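Here the structure is laid out as structure tokens; the discussion comes afterwards.
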Amino acid sequence: MHIIMAMDIKEANLVFHDETSREYDKKWAIRFDADMAEFVLSKFELGLRGPFPRDVRIMEIGCGTGYAMLNLGLAGVLDEAWGCDISQGMLDVCRDNAKDLGIKVHLQQADAEHLPYEDECFDLVIGHAVLHHLPDLDASFREIQRVLKAGGRCVVAGEPTVVGHRLARVAKAIASFAIKCYARLGGRLGKKRITLRRYDASGSPEDHELQELEFMVDIHNFRPRQLCDMARRAGFSMVRFESEELISSFIGWMIRTVEGSVSEENISDRWRWGAYNTYKRVRRWDQKLYPYLPRGWFYNLIVYLEK
Ligand SMILES: C[S@@+](CC[C@H](N)C(=O)[O-])C[C@H]1O[C@@H](n2cnc3c(N)ncnc32)[C@H](O)[C@@H]1O
């Protein structure tokens with residue numbers, strides 16, 4: 001506990017992601033297959049407002065276990081990529097995933113505020129769900145700008161908006177309340193009576209420390225225009241944003257809350273399949289609504305920067 005209180009955000013990120021790296025893909029339902037590859041590609045093409053470029057040098061900041069770059073590899077838009085992350089544990093899993101998939105990656109442990117690459121050496125920098133962990137975003141944007149070639153581009157997807165985050169909290173509260181009531185009434189899930197996971201003093205000290213770290217590492221939710229202004233200050237000549245997932249994010253957070261509240265044996269493959277397909281169907285409604293609603297209401301922000 002005292003050790004955690006003395007940690008700064010970067011150290012907390014390193015320890016938290018190192019400790020949870022082997023469970024990360026399972027926790028976030030990350031897969032490496034054609035369906036997920038198409039899904040990931042669609043996010044980056046939305047940010048690019050066009051097709052993903054081929055035969056260019058690509059680097060990912062905060063690549064984690066490879067969700068974005070390896071799925072883009074599976075989608076057939078890259079054969080080789082550079083990636084960095086503050087957590088060596090995440091990079092180790094990424095290297096194993098890349099080896100299984102036969103995708104060539106060059107991984108390096110690094111802080112996004114001090115990238116270990118020469119000036120102007122990449123055509124495209126990508127990121128997914130990483131900016132909201134970075135304490136000094138100005139410094140990170142300056143580093144991305146430095147390593148991009150003239151005319152180079154950067155797309156970072158999966159960053160939470162302020163409104164999206166508020167809606168997610170409501171979704172979590174409703175799902176948590178509902179599943180507890182249902183469990184008390186003797187409800188069943190996965191053909192078994194629901195057993196709730198315990199998050200009280202009976203958990204191990206390590207579990208409590210990890211929960212505390214998880215609260216510590218998520219440091220930003222973004223107002224899209226403020227984030228764009230920050231990128232402009234770093235010197236990018238063209239900055240814009242898109243967003244995605246409104247109702248699907250609400251449903252997605254409810255599903256994740258239920259999955260995090262009940263025991264493993266209540267979560268059957270049938271449930272996982274049904275939950276994922278429901279989320280995907282609702283995501284299509286979001287895509288239809290997108291042109292008519294303020295982009296800041298959607299949960300996932302995608303920023304596009306050009307040097
Ligand atoms: C939510 S995970 C996302 C991982 C991956 N991009 C994905 O979408 O699955 C955030 C990642 O950012 C990394 N990270 C956090 N702070 C960082 C920093 N200062 N520099 C580089 N990476 C960092 C973490 O270690 C973690 O792997």
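Naming scheme: A, B, ... for chains in displayed order of the structure tokens; residues 1 onward per chain; ligands 1 onward as shown.
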
Closest atom pairs, range 47-90 of chain A residues within 10 Å of range 232-251 of chain A, only C-alpha atoms, as a tab-separated table:
```
residue	atom	partner	partner_atom	distance
A:Gly47	CA	A:Glu242	CA	6.1
A:Leu48	CA	A:Glu242	CA	9.3
A:Arg49	CA	A:Glu242	CA	9.1
```

Write down as a ChimeraX atom specification the residues belonging to range 109-237 of chain A that are assigned strand (DSSP E) by DSSP computed on the backbone.
/A:109,122-128,148-160,188-189,192-193

Can I get the selection written as a PDB file, in the first residue's frame, with N, CA and C atoms?
```pdb
ATOM      1  N   GLN A 109      11.318  -1.715 -25.071  1.00  0.00           N
ATOM      2  CA  GLN A 109      10.697  -1.110 -23.885  1.00  0.00           C
ATOM      3  C   GLN A 109      11.029   0.376 -23.887  1.00  0.00           C
ATOM      4  N   PHE A 122       9.607   7.187 -39.406  1.00  0.00           N
ATOM      5  CA  PHE A 122       8.378   6.419 -39.664  1.00  0.00           C
ATOM      6  C   PHE A 122       7.412   7.206 -40.553  1.00  0.00           C
ATOM      7  N   ASP A 123       6.646   6.431 -41.367  1.00  0.00           N
ATOM      8  CA  ASP A 123       5.601   7.063 -42.188  1.00  0.00           C
ATOM      9  C   ASP A 123       4.293   7.161 -41.416  1.00  0.00           C
ATOM     10  N   LEU A 124       4.102   6.201 -40.520  1.00  0.00           N
ATOM     11  CA  LEU A 124       2.829   6.156 -39.793  1.00  0.00           C
ATOM     12  C   LEU A 124       3.082   5.714 -38.351  1.00  0.00           C
ATOM     13  N   VAL A 125       2.545   6.481 -37.407  1.00  0.00           N
ATOM     14  CA  VAL A 125       2.571   6.062 -35.997  1.00  0.00           C
ATOM     15  C   VAL A 125       1.133   5.742 -35.610  1.00  0.00           C
ATOM     16  N   ILE A 126       0.944   4.594 -34.988  1.00  0.00           N
ATOM     17  CA  ILE A 126      -0.400   4.241 -34.529  1.00  0.00           C
ATOM     18  C   ILE A 126      -0.394   4.034 -33.010  1.00  0.00           C
ATOM     19  N   GLY A 127      -1.581   4.031 -32.443  1.00  0.00           N
ATOM     20  CA  GLY A 127      -1.723   3.747 -31.010  1.00  0.00           C
ATOM     21  C   GLY A 127      -3.151   3.333 -30.752  1.00  0.00           C
ATOM     22  N   HIS A 128      -3.354   2.587 -29.676  1.00  0.00           N
ATOM     23  CA  HIS A 128      -4.721   2.218 -29.292  1.00  0.00           C
ATOM     24  C   HIS A 128      -4.800   2.170 -27.768  1.00  0.00           C
ATOM     25  N   LEU A 148       8.208  11.091 -36.894  1.00  0.00           N
ATOM     26  CA  LEU A 148       7.499  10.978 -38.186  1.00  0.00           C
ATOM     27  C   LEU A 148       8.270  11.680 -39.288  1.00  0.00           C
ATOM     28  N   LYS A 149       8.245  11.079 -40.476  1.00  0.00           N
ATOM     29  CA  LYS A 149       8.825  11.748 -41.649  1.00  0.00           C
ATOM     30  C   LYS A 149       7.929  12.934 -42.018  1.00  0.00           C
ATOM     31  N   ALA A 150       8.465  13.859 -42.802  1.00  0.00           N
ATOM     32  CA  ALA A 150       7.624  14.986 -43.266  1.00  0.00           C
ATOM     33  C   ALA A 150       6.437  14.395 -44.035  1.00  0.00           C
ATOM     34  N   GLY A 151       5.246  14.873 -43.734  1.00  0.00           N
ATOM     35  CA  GLY A 151       4.046  14.329 -44.394  1.00  0.00           C
ATOM     36  C   GLY A 151       3.542  13.059 -43.728  1.00  0.00           C
ATOM     37  N   GLY A 152       4.272  12.600 -42.697  1.00  0.00           N
ATOM     38  CA  GLY A 152       3.876  11.370 -41.998  1.00  0.00           C
ATOM     39  C   GLY A 152       2.585  11.577 -41.205  1.00  0.00           C
ATOM     40  N   ARG A 153       1.945  10.444 -40.882  1.00  0.00           N
ATOM     41  CA  ARG A 153       0.640  10.536 -40.222  1.00  0.00           C
ATOM     42  C   ARG A 153       0.612   9.719 -38.927  1.00  0.00           C
ATOM     43  N   CYS A 154      -0.300  10.095 -38.062  1.00  0.00           N
ATOM     44  CA  CYS A 154      -0.465   9.362 -36.795  1.00  0.00           C
ATOM     45  C   CYS A 154      -1.957   9.163 -36.549  1.00  0.00           C
ATOM     46  N   VAL A 155      -2.344   7.944 -36.198  1.00  0.00           N
ATOM     47  CA  VAL A 155      -3.743   7.683 -35.817  1.00  0.00           C
ATOM     48  C   VAL A 155      -3.734   6.949 -34.484  1.00  0.00           C
ATOM     49  N   VAL A 156      -4.416   7.542 -33.506  1.00  0.00           N
ATOM     50  CA  VAL A 156      -4.558   6.854 -32.213  1.00  0.00           C
ATOM     51  C   VAL A 156      -6.051   6.659 -31.951  1.00  0.00           C
ATOM     52  N   ALA A 157      -6.436   5.408 -31.768  1.00  0.00           N
ATOM     53  CA  ALA A 157      -7.852   5.070 -31.549  1.00  0.00           C
ATOM     54  C   ALA A 157      -8.065   4.594 -30.112  1.00  0.00           C
ATOM     55  N   GLY A 158      -9.356   4.450 -29.762  1.00  0.00           N
ATOM     56  CA  GLY A 158      -9.689   3.816 -28.482  1.00  0.00           C
ATOM     57  C   GLY A 158      -9.421   4.662 -27.251  1.00  0.00           C
ATOM     58  N   GLU A 159      -9.518   5.993 -27.387  1.00  0.00           N
ATOM     59  CA  GLU A 159      -9.304   6.855 -26.214  1.00  0.00           C
ATOM     60  C   GLU A 159     -10.663   7.316 -25.665  1.00  0.00           C
ATOM     61  N   PRO A 160     -10.866   7.236 -24.352  1.00  0.00           N
ATOM     62  CA  PRO A 160     -12.195   7.551 -23.799  1.00  0.00           C
ATOM     63  C   PRO A 160     -12.526   9.044 -23.808  1.00  0.00           C
ATOM     64  N   ARG A 188     -29.748 -17.715 -12.585  1.00  0.00           N
ATOM     65  CA  ARG A 188     -28.771 -18.639 -13.187  1.00  0.00           C
ATOM     66  C   ARG A 188     -28.128 -17.999 -14.410  1.00  0.00           C
ATOM     67  N   LEU A 189     -26.885 -18.358 -14.616  1.00  0.00           N
ATOM     68  CA  LEU A 189     -26.150 -17.910 -15.799  1.00  0.00           C
ATOM     69  C   LEU A 189     -25.223 -19.050 -16.176  1.00  0.00           C
ATOM     70  N   LYS A 192     -25.789 -22.392 -14.484  1.00  0.00           N
ATOM     71  CA  LYS A 192     -25.421 -22.602 -13.067  1.00  0.00           C
ATOM     72  C   LYS A 192     -25.948 -21.435 -12.255  1.00  0.00           C
ATOM     73  N   ARG A 193     -26.213 -21.708 -10.983  1.00  0.00           N
ATOM     74  CA  ARG A 193     -26.600 -20.592 -10.102  1.00  0.00           C
ATOM     75  C   ARG A 193     -25.480 -19.580 -10.054  1.00  0.00           C
TER      76      ARG A 193
END
```

Which residues are near ligand 1 - at most 7 Å, using only C-alpha atoms and all ligand atoms? Format: as a list in words.
Lys10, Asn13, Leu14, His17, Ile61, Gly62, Cys63, Gly64, Thr65, Gly66, Tyr67, Ala68, Cys84, Asp85, Ile86, Ser87, Met90, Ala110, Asp111, Ala112, Glu113, Gly127, His128, Ala129, Val130, His133 and Leu134 of chain A

Selection export as a short mmCIF file (atom, residue, chain, number, x, y, z; two decimals), in the first residue's frame, atoms kept: C-alpha atoms:
```cif
data_model
loop_
_atom_site.label_atom_id
_atom_site.label_comp_id
_atom_site.auth_asym_id
_atom_site.auth_seq_id
_atom_site.Cartn_x
_atom_site.Cartn_y
_atom_site.Cartn_z
CA LYS A 10 4.62 5.75 -15.08
CA ASN A 13 1.64 1.73 -15.38
CA LEU A 14 4.74 -0.40 -15.61
CA HIS A 17 0.72 -3.86 -16.93
CA ILE A 61 3.23 3.44 -29.15
CA GLY A 62 1.98 1.51 -26.11
CA CYS A 63 1.51 -1.58 -28.30
CA GLY A 64 0.68 -3.81 -25.31
CA THR A 65 0.13 -7.42 -26.36
CA GLY A 66 -0.24 -6.41 -30.02
CA TYR A 67 -4.02 -5.95 -30.32
CA ALA A 68 -3.69 -3.24 -32.99
CA CYS A 84 7.22 0.13 -27.92
CA ASP A 85 5.64 -0.06 -24.51
CA ILE A 86 6.65 0.90 -20.99
CA SER A 87 5.84 -2.62 -19.77
CA MET A 90 3.22 -6.70 -22.24
CA ALA A 110 10.27 2.67 -23.87
CA ASP A 111 8.32 5.56 -22.45
CA ALA A 112 6.14 7.35 -25.01
CA GLU A 113 7.62 10.64 -23.78
CA GLY A 127 -1.72 3.75 -31.01
CA HIS A 128 -4.72 2.22 -29.29
CA ALA A 129 -5.96 2.96 -25.75
CA VAL A 130 -2.66 4.48 -24.70
CA HIS A 133 -2.29 6.66 -19.52
CA LEU A 134 0.33 9.28 -20.40
#
```

For Val162 in chain A: contacts at 7 Å, only C-alpha atoms, fewer than 3 positions along chain excluded, given as a list in words
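Selected residues are His165, Arg166, Asn221, Phe222 and Arg223 of chain A.
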
Filtering to C-alpha atoms, could you give me those residues as an mmCIF file, in the first residue's frame?
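The resulting again-v2.cif:
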```cif
data_model
loop_
_atom_site.group_PDB
_atom_site.id
_atom_site.type_symbol
_atom_site.label_atom_id
_atom_site.label_comp_id
_atom_site.auth_asym_id
_atom_site.auth_seq_id
_atom_site.Cartn_x
_atom_site.Cartn_y
_atom_site.Cartn_z
ATOM 1 C CA HIS A 165 -16.756 7.818 -19.615
ATOM 2 C CA ARG A 166 -19.788 9.221 -17.734
ATOM 3 C CA ASN A 221 -10.795 11.258 -20.354
ATOM 4 C CA PHE A 222 -10.757 13.573 -23.322
ATOM 5 C CA ARG A 223 -12.713 16.490 -24.647
#
```

So, counting only C-alpha atoms, which residue among A:Phe16, A:Phe39, A:Tyr182, A:Tyr299 is closest to Val262 in chain A?
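Once distances to Val262 in chain A are computed over only C-alpha atoms, the minimum belongs to A:Tyr182.
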
From the list A:Trp271, A:Ile219, A:Leu101, A:Arg169, which residue is nearest Leu131 in chain A when using only C-alpha atoms?
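Distance minimum relative to Leu131 in chain A lands on A:Ile219.
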
Could you find all residues in range 52-203 of chain A that DSSP calls alpha helix (DSSP H) from the backbone, and write them as a JSON list (two decimals) with C-alpha atoms, in the first residue's frame?
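Wrote it out as out19.json, contents follow:
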```json
[["chain", "number", "residue", "atom", "x", "y", "z"],
["A", 67, "TYR", "CA", -4.02, -5.95, -30.32],
["A", 68, "ALA", "CA", -3.69, -3.24, -32.99],
["A", 69, "MET", "CA", -0.49, -4.00, -34.89],
["A", 70, "LEU", "CA", -0.88, -7.78, -34.99],
["A", 71, "ASN", "CA", -4.52, -7.59, -36.08],
["A", 72, "LEU", "CA", -3.47, -5.11, -38.78],
["A", 73, "GLY", "CA", -0.87, -7.70, -39.78],
["A", 74, "LEU", "CA", -3.62, -10.32, -40.00],
["A", 88, "GLN", "CA", 8.28, -5.41, -20.63],
["A", 89, "GLY", "CA", 5.62, -7.94, -19.55],
["A", 90, "MET", "CA", 3.22, -6.70, -22.24],
["A", 91, "LEU", "CA", 6.03, -6.75, -24.83],
["A", 92, "ASP", "CA", 6.88, -10.36, -23.92],
["A", 93, "VAL", "CA", 3.26, -11.40, -24.57],
["A", 94, "CYS", "CA", 3.27, -9.35, -27.79],
["A", 95, "ARG", "CA", 6.42, -11.14, -28.95],
["A", 96, "ASP", "CA", 4.81, -14.55, -28.25],
["A", 97, "ASN", "CA", 1.61, -13.52, -30.08],
["A", 98, "ALA", "CA", 3.62, -12.21, -33.05],
["A", 99, "LYS", "CA", 5.61, -15.44, -33.22],
["A", 100, "ASP", "CA", 2.42, -17.54, -33.22],
["A", 101, "LEU", "CA", 1.01, -15.39, -36.04],
["A", 137, "LEU", "CA", 0.76, 14.40, -23.44],
["A", 138, "ASP", "CA", 2.53, 17.47, -24.83],
["A", 139, "ALA", "CA", 5.86, 15.65, -24.57],
["A", 140, "SER", "CA", 4.44, 12.48, -26.17],
["A", 141, "PHE", "CA", 2.94, 14.42, -29.10],
["A", 142, "ARG", "CA", 6.29, 16.18, -29.62],
["A", 143, "GLU", "CA", 8.03, 12.79, -29.71],
["A", 144, "ILE", "CA", 5.54, 11.37, -32.23],
["A", 145, "GLN", "CA", 6.04, 14.47, -34.37],
["A", 146, "ARG", "CA", 9.83, 14.07, -34.12],
["A", 147, "VAL", "CA", 9.93, 10.44, -35.29],
["A", 162, "VAL", "CA", -15.53, 12.65, -21.09],
["A", 163, "VAL", "CA", -19.17, 11.98, -22.04],
["A", 164, "GLY", "CA", -18.44, 8.36, -22.96],
["A", 165, "HIS", "CA", -16.76, 7.82, -19.62],
["A", 166, "ARG", "CA", -19.79, 9.22, -17.73],
["A", 167, "LEU", "CA", -22.14, 6.96, -19.69],
["A", 168, "ALA", "CA", -19.85, 4.00, -18.97],
["A", 169, "ARG", "CA", -20.10, 4.69, -15.24],
["A", 170, "VAL", "CA", -23.90, 4.63, -15.47],
["A", 171, "ALA", "CA", -23.75, 1.37, -17.46],
["A", 172, "LYS", "CA", -21.46, -0.21, -14.86],
["A", 173, "ALA", "CA", -23.67, 0.91, -11.95],
["A", 174, "ILE", "CA", -26.86, -0.45, -13.57],
["A", 175, "ALA", "CA", -25.25, -3.78, -14.51],
["A", 176, "SER", "CA", -23.66, -4.20, -11.09],
["A", 177, "PHE", "CA", -26.96, -3.51, -9.29],
["A", 178, "ALA", "CA", -28.96, -5.76, -11.64],
["A", 179, "ILE", "CA", -26.61, -8.75, -11.46],
["A", 180, "LYS", "CA", -26.44, -8.58, -7.65],
["A", 181, "CYS", "CA", -30.25, -8.50, -7.38],
["A", 182, "TYR", "CA", -30.56, -11.35, -9.89],
["A", 183, "ALA", "CA", -27.99, -13.41, -7.97],
["A", 184, "ARG", "CA", -29.84, -12.84, -4.67]]
```

CA of Lys307 in chain A to CA of Pro51 in chain A, straight-line distance in Å:
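Pair CA of Pro51 in chain A / CA of Lys307 in chain A returns 18.5 Å.
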
Two-atom distance - CA of Glu80 in chain A, CA of Lys104 in chain A (Å)
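About the pair CA of Glu80 in chain A and CA of Lys104 in chain A: they are 4.7 Å apart.
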
Pick from A:Phe52, A:Trp297, A:Tyr279, A:Phe215 nearest to Glu38 in chain A, counting only C-alpha atoms:
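Result for the nearest residue to Glu38 in chain A: A:Phe52.
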